[in-house]
Each structure stands twice: as C-alpha cells, then as structure tokens.
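Okay, work27.pdb is below, PDB, C-alpha atoms:
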```pdb
ATOM      1  CA  MET A  18       5.639 -11.716   3.275
ATOM      2  CA  THR A  19       2.400  -9.881   2.635
ATOM      3  CA  TYR A  20       0.432 -13.022   3.436
ATOM      4  CA  LEU A  21       2.267 -13.398   6.737
ATOM      5  CA  GLY A  22       1.468  -9.802   7.640
ATOM      6  CA  ILE A  23      -2.183 -10.274   6.808
ATOM      7  CA  ALA A  24      -2.282 -13.560   8.771
ATOM      8  CA  GLY A  25      -0.732 -11.811  11.777
ATOM      9  CA  LEU A  26      -3.235  -8.972  11.564
ATOM     10  CA  LEU A  27      -6.128 -11.440  11.375
ATOM     11  CA  MET A  28      -4.762 -13.334  14.388
ATOM     12  CA  VAL A  29      -4.560 -10.146  16.453
ATOM     13  CA  MET A  30      -8.085  -9.173  15.400
ATOM     14  CA  ALA A  31      -9.392 -12.631  16.365
ATOM     15  CA  ILE A  32      -7.734 -12.417  19.779
ATOM     16  CA  THR A  33      -9.248  -8.981  20.303
ATOM     17  CA  LEU A  34     -12.724 -10.152  19.240
ATOM     18  CA  PHE A  35     -12.629 -13.272  21.410
ATOM     19  CA  LYS A  36     -10.992 -11.613  24.397
ATOM     20  CA  ARG A  37     -13.563 -12.657  26.985
ATOM     21  CA  PRO A  38     -13.645 -16.389  26.100
ATOM     22  CA  ILE A  39      -9.841 -16.444  26.033
ATOM     23  CA  ILE A  40      -9.695 -14.825  29.472
ATOM     24  CA  GLU A  41     -12.237 -17.309  30.832
ATOM     25  CA  LYS A  42     -10.253 -20.276  29.478
ATOM     26  CA  LEU A  43      -6.943 -18.980  30.852
ATOM     27  CA  ARG A  44      -8.308 -17.910  34.243
ATOM     28  CA  ASN A  45      -7.902 -21.402  35.738
ATOM     29  CA  HIS A  46      -4.662 -22.203  33.962
ATOM     30  CA  THR A  47      -1.692 -23.349  36.067
ATOM     31  CA  LEU A  48       0.543 -20.374  35.236
ATOM     32  CA  VAL A  49      -2.202 -17.857  36.060
ATOM     33  CA  ARG A  50      -2.978 -19.574  39.373
ATOM     34  CA  ARG A  51       0.685 -19.741  40.390
ATOM     35  CA  LEU A  52       1.368 -16.121  39.509
ATOM     36  CA  SER A  53      -1.762 -14.809  41.207
ATOM     37  CA  ARG A  54      -0.864 -16.722  44.402
ATOM     38  CA  ALA A  55       2.772 -15.591  44.458
ATOM     39  CA  GLU A  56       3.417 -12.776  46.938
ATOM     40  CA  TRP A  57       6.236 -11.289  44.898
ATOM     41  CA  PHE A  58       3.895 -10.923  41.895
ATOM     42  CA  GLU A  59       1.855  -8.312  43.794
ATOM     43  CA  SER A  60       4.673  -5.778  43.340
ATOM     44  CA  HIS A  61       4.597  -4.039  39.976
ATOM     45  CA  TRP A  62       8.406  -3.977  40.015
ATOM     46  CA  TYR A  63       8.801  -7.719  40.491
ATOM     47  CA  ALA A  64       5.990  -8.557  38.092
ATOM     48  CA  GLY A  65       7.489  -6.223  35.475
ATOM     49  CA  ILE A  66      10.967  -7.684  35.927
ATOM     50  CA  PHE A  67       9.490 -11.194  35.653
ATOM     51  CA  LEU A  68       7.784 -10.241  32.393
ATOM     52  CA  PHE A  69      10.987  -8.579  31.126
ATOM     53  CA  LEU A  70      13.067 -11.683  31.888
ATOM     54  CA  MET A  71      10.498 -14.017  30.364
ATOM     55  CA  ASN A  72      10.490 -11.904  27.183
ATOM     56  CA  VAL A  73      14.294 -12.112  27.093
ATOM     57  CA  LEU A  74      14.148 -15.883  27.636
ATOM     58  CA  LEU A  75      11.550 -16.397  24.898
ATOM     59  CA  GLY A  76      13.612 -14.258  22.530
ATOM     60  CA  ALA A  77      16.849 -16.095  23.327
ATOM     61  CA  VAL A  78      15.276 -19.540  22.908
ATOM     62  CA  THR A  79      13.664 -18.470  19.634
ATOM     63  CA  LEU A  80      16.915 -17.011  18.324
ATOM     64  CA  GLY A  81      18.842 -20.133  19.346
ATOM     65  CA  LEU A  82      16.344 -22.457  17.687
ATOM     66  CA  LEU A  83      16.234 -20.231  14.606
ATOM     67  CA  THR A  84      20.018 -20.456  14.350
ATOM     68  CA  LEU A  85      19.839 -24.253  14.570
ATOM     69  CA  ILE A  86      17.020 -24.413  12.017
ATOM     70  CA  THR A  87      19.048 -22.436   9.465
ATOM     71  CA  MET A  88      21.527 -25.326   9.470
ATOM     72  CA  LEU A  89      18.780 -27.691   8.305
ATOM     73  CA  THR A  90      17.491 -27.880   4.758
ATOM     74  CA  VAL A  91      13.824 -28.114   5.734
ATOM     75  CA  PRO A  92      11.938 -25.299   3.984
ATOM     76  CA  TYR A  93       9.481 -23.115   5.895
ATOM     77  CA  LEU A  94      10.410 -24.591   9.274
ATOM     78  CA  HIS A  95      11.558 -21.148  10.402
ATOM     79  CA  LEU A  96       8.064 -19.783   9.734
ATOM     80  CA  LEU A  97       6.559 -22.455  11.974
ATOM     81  CA  LEU A  98       9.061 -21.581  14.699
ATOM     82  CA  MET A  99       8.200 -17.889  14.458
ATOM     83  CA  LEU A 100       4.484 -18.693  14.638
ATOM     84  CA  LEU A 101       5.082 -20.758  17.782
ATOM     85  CA  ALA A 102       7.203 -17.957  19.272
ATOM     86  CA  VAL A 103       4.419 -15.426  18.688
ATOM     87  CA  ALA A 104       1.840 -17.790  20.194
ATOM     88  CA  ALA A 105       4.056 -18.393  23.257
ATOM     89  CA  SER A 106       4.562 -14.652  23.728
ATOM     90  CA  LEU A 107       0.855 -13.892  23.445
ATOM     91  CA  TYR A 108       0.093 -16.711  25.876
ATOM     92  CA  LEU A 109       2.622 -15.369  28.403
ATOM     93  CA  TRP A 110       1.363 -11.795  28.117
ATOM     94  CA  MET A 111      -2.270 -12.853  28.549
ATOM     95  CA  CYS A 112      -1.454 -15.020  31.579
ATOM     96  CA  VAL A 113       0.468 -12.180  33.229
ATOM     97  CA  SER A 114      -2.347  -9.753  32.495
ATOM     98  CA  ILE A 115      -5.000 -12.075  33.916
ATOM     99  CA  ALA A 116      -2.958 -12.931  37.030
ATOM    100  CA  TRP A 117      -2.056  -9.325  37.863
ATOM    101  CA  GLU A 118      -4.186  -7.611  40.483
ATOM    102  CA  GLY A 119      -3.541  -4.059  41.523
ATOM    103  CA  GLU A 120      -4.145  -0.437  40.721
ATOM    104  CA  LYS A 121      -4.325   0.740  37.121
ATOM    105  CA  ARG A 122      -1.300   2.964  37.633
ATOM    106  CA  ASP A 123       0.790   0.038  38.908
ATOM    107  CA  ARG A 124      -0.459  -2.170  36.054
ATOM    108  CA  LEU A 125       0.853   0.380  33.543
ATOM    109  CA  LYS A 126       4.210   0.501  35.363
ATOM    110  CA  MET A 127       4.428  -3.285  35.266
ATOM    111  CA  ALA A 128       3.565  -3.287  31.564
ATOM    112  CA  ILE A 129       6.168  -0.683  30.630
ATOM    113  CA  ILE A 130       8.876  -2.479  32.621
ATOM    114  CA  GLY A 131       8.004  -5.852  31.093
ATOM    115  CA  SER A 132       7.699  -4.661  27.505
ATOM    116  CA  SER A 133      10.796  -2.452  27.638
ATOM    117  CA  TRP A 134      12.895  -5.405  26.432
ATOM    118  CA  TYR A 135      11.380  -4.899  22.984
ATOM    119  CA  LEU A 136      12.027  -1.163  23.160
ATOM    120  CA  LEU A 137      15.696  -1.846  23.926
ATOM    121  CA  LEU A 138      15.772  -4.338  21.068
ATOM    122  CA  THR A 139      14.289  -1.726  18.727
ATOM    123  CA  ILE A 140      16.923   0.806  19.755
ATOM    124  CA  ALA A 141      19.666  -1.772  19.145
ATOM    125  CA  MET A 142      18.251  -2.593  15.694
ATOM    126  CA  VAL A 143      17.977   1.076  14.694
ATOM    127  CA  THR A 144      21.537   1.665  15.880
ATOM    128  CA  GLY A 145      22.728  -1.376  13.909
ATOM    129  CA  LEU A 146      20.948  -0.149  10.787
ATOM    130  CA  MET A 147      22.369   3.358  11.119
ATOM    131  CA  ASN A 148      25.925   2.045  11.582
ATOM    132  CA  LEU A 149      25.737  -0.600   8.849
ATOM    133  CA  GLU A 150      28.817  -0.401   6.646
ATOM    134  CA  PRO A 151      30.181  -2.836   4.099
ATOM    135  CA  SER A 152      33.109  -4.955   5.284
ATOM    136  CA  SER A 153      34.796  -4.415   1.922
ATOM    137  CA  PRO A 154      34.184  -2.066  -1.050
ATOM    138  CA  GLU A 155      32.498  -4.757  -3.153
ATOM    139  CA  MET A 156      30.123  -5.900  -0.356
ATOM    140  CA  ASP A 157      26.463  -5.011  -0.630
ATOM    141  CA  ASN A 158      24.614  -4.740   2.671
ATOM    142  CA  PHE A 159      21.124  -4.700   1.205
ATOM    143  CA  MET A 160      20.048  -7.996   2.791
ATOM    144  CA  ALA A 161      21.509  -6.969   6.154
ATOM    145  CA  ALA A 162      19.518  -3.725   5.946
ATOM    146  CA  VAL A 163      16.356  -5.689   5.087
ATOM    147  CA  GLY A 164      16.988  -7.895   8.128
ATOM    148  CA  PHE A 165      17.364  -4.866  10.379
ATOM    149  CA  VAL A 166      14.169  -3.295   9.008
ATOM    150  CA  PHE A 167      12.196  -6.505   9.617
ATOM    151  CA  GLY A 168      13.734  -6.731  13.099
ATOM    152  CA  ILE A 169      12.660  -3.154  13.823
ATOM    153  CA  ILE A 170       9.107  -3.845  12.651
ATOM    154  CA  VAL A 171       8.845  -7.050  14.701
ATOM    155  CA  SER A 172      10.255  -5.476  17.878
ATOM    156  CA  VAL A 173       8.019  -2.383  17.625
ATOM    157  CA  VAL A 174       4.928  -4.549  17.146
ATOM    158  CA  ALA A 175       5.982  -6.827  20.029
ATOM    159  CA  PHE A 176       6.549  -3.815  22.310
ATOM    160  CA  THR A 177       3.177  -2.362  21.410
ATOM    161  CA  TYR A 178       1.180  -5.559  21.904
ATOM    162  CA  CYS A 179       3.031  -6.608  25.046
ATOM    163  CA  PHE A 180       2.308  -3.189  26.546
ATOM    164  CA  LEU A 181      -1.333  -3.170  25.417
ATOM    165  CA  ILE A 182      -2.114  -6.703  26.584
ATOM    166  CA  THR A 183      -0.370  -6.464  29.957
ATOM    167  CA  GLY A 184      -1.323  -2.848  30.552
ATOM    168  CA  PHE A 185      -4.936  -2.709  29.468
ATOM    169  CA  TRP A 186      -6.333  -6.254  29.484
ATOM    170  CA  ASN A 187      -8.144  -6.254  32.772
ATOM    171  CA  LYS A 188      -9.902  -9.346  34.006
ATOM    172  CA  PRO A 189     -13.643  -9.147  33.514
ATOM    173  CA  GLN A 190     -15.539  -8.492  36.697
ATOM    174  CA  GLU A 191     -17.079 -11.474  38.407
ATOM    175  CA  PRO A 192     -20.866 -11.478  38.068
ATOM    176  CA  GLU A 193     -22.505 -10.216  41.232
ATOM    177  CA  GLU A 194     -25.110 -12.441  42.801
TER     178      GLU A 194
END
```

Reformat the file's structure so that it appears as structure tokens.
Amino acid sequence: MTYLGIAGLLMVMAITLFKRPIIEKLRNHTLVRRLSRAEWFESHWYAGIFLFLMNVLLGAVTLGLLTLITMLTVPYLHLLLMLLAVAASLYLWMCVSIAWEGEKRDRLKMAIIGSSWYLLLTIAMVTGLMNLEPSSPEMDNFMAAVGFVFGIIVSVVAFTYCFLITGFWNKPQEPEE
C-alpha cells in the first residue's frame, strides 16, 4: 500500500509540474470544445451540477466494475481498475477546468458544487465507521474499519484535488501579438 501511495503522490507531482503542456494538449480535445461551446456550461450552477453528476457516474461505474472484478480470480486487476478510475477523474476535472470561462468567484462556486460529491461520500464513510458494530459477539470488524478508513482517505483526497483542479487551474493566457 505504501508503494501505491508513493506512486499516487508522484503522479500528482508530475501533473502539477507538466500543467501547461497538459492544458495545451487538452485545449483542443472534443470534450473541452463541446463544454466550452455549450450555453448551459456558462452558468456555475449548471457546470457544477454537471461535474457533480459526472463524479457520481464515475464512482458508480467504478464501484460496479470493482464488484464484478471481485468475482474473478485475476490478481491485481482491481488495482488496474482503480488506476484507470483515477486517470478518468483527473481527465474529467482538467477538461472541465479548461472549458470553464467566467469569474474567479463563479469558478470557485462551480468547483465546490462539483466536488461536494466527495465531501458527502466522506461524511457517509465517517458515519459508517462511527456506527460500525459487530453483527454477532464473535464478529471482528477490523477489516470493515480498515475499509472505511481507506474510503475516507480516498474521498478526502478526491474532494481536495477535484476542488483544486476545477477551482484554481485557469487556462493560460493566449500570447498577445
């Protein structure tokens, strides 16, 4: 698990270091073009709700696929799925950030609305951990508690990065001629 944490930290650092080239590559991407042309995307409410719903959809698809993968006997396939889920989330957040045009205040509103799914998920995980009781006297809930703790860590990190990327990743200014 330590190696996964270090790999995740290195990935986030690489994305931060290569922010400008990533923005330039994504600027002409289909999703960015469609979002930036959509009239409804100009409203911070609609853009935030779109981001919220896309985060819910990504989470639901990931959870569904993870449930199916646990029925297989292929080792480490769940780690590949989680890596793909993180990459898809980062891609979505960067595209939304690049496509959004508006005031800084409205950008922050859009970011808090869109990333609030992970805040709600964190609250649900903390509540589940606090109310965790054994189903019978001989049951040990240690692994369930570990699962909740990992879920809390993942949802807090996702909330933080979704908010930071969509709230503070402005497009670089076009060079003036």

Residues near Leu83 of chain A, anyone? I mean within 12 Å using only C-alpha atoms, not counting same-chain ones fewer than 2 positions away, as a list of chain:residue names. A:Leu75, A:Gly76, A:Ala77, A:Val78, A:Thr79, A:Leu80, A:Gly81, A:Leu85, A:Ile86, A:Thr87, A:Met88, A:Leu89, A:Tyr93, A:Leu94, A:His95, A:Leu96, A:Leu97, A:Leu98, A:Met99, A:Leu100, A:Leu101, A:Ala102

8 Å per side around segment 87-92 of chain A: axis-aligned box centre and edge lengths, as AutoDock Vina command-line options:
```
--center_x 16.7 --center_y -25.3 --center_z 6.7 --size_x 25.6 --size_y 21.7 --size_z 21.5
```

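With all atoms listed in the file as the atoms that count, the minimum distance from Phe58 of chain A to the choices A:Trp134, A:Trp117, A:Phe35, A:Phe176 is reached by A:Trp117.
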
Just say which residues the PyMOL selection byres ((chain A and resi 164-173) around 12) picks in this file, as a ChimeraX atom specification. /A:18,22,25,72,76,80,99,102-103,132-149,158-163,174-180

Can you measure atom CA of Ile32 of chain A to atom CA of Ile182 of chain A for me? One decimal in Å is fine. 10.5 Å

Figure out the distance between atom CA of Lys126 of chain A and atom CA of Pro38 of chain A, please, to one decimal in Å. 26.3 Å

Calculated over all atoms listed in the file, which of the candidates A:Thr183, A:Cys112, A:Glu120, A:Glu155 has the smallest distance to Ser53 of chain A?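 Smallest separation from Ser53 of chain A among the options: A:Cys112.
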
Here atom CA of Ala64 of chain A and atom CA of Leu125 of chain A stand apart by 11.3 Å

Just checking: using all atoms listed in the file, which residue out of A:Ser153, A:Lys36, A:Leu181, A:Arg51 ends up closest to Met127 of chain A?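 Closest residue, counting all atoms listed in the file: A:Leu181.
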
For the structure provided, state which residues fall under the PyMOL selection byres ((chain A and resi 131) around 6), and present them as a VMD selection string. chain A and resid 65 to 66 68 to 69 128 to 130 132 to 133
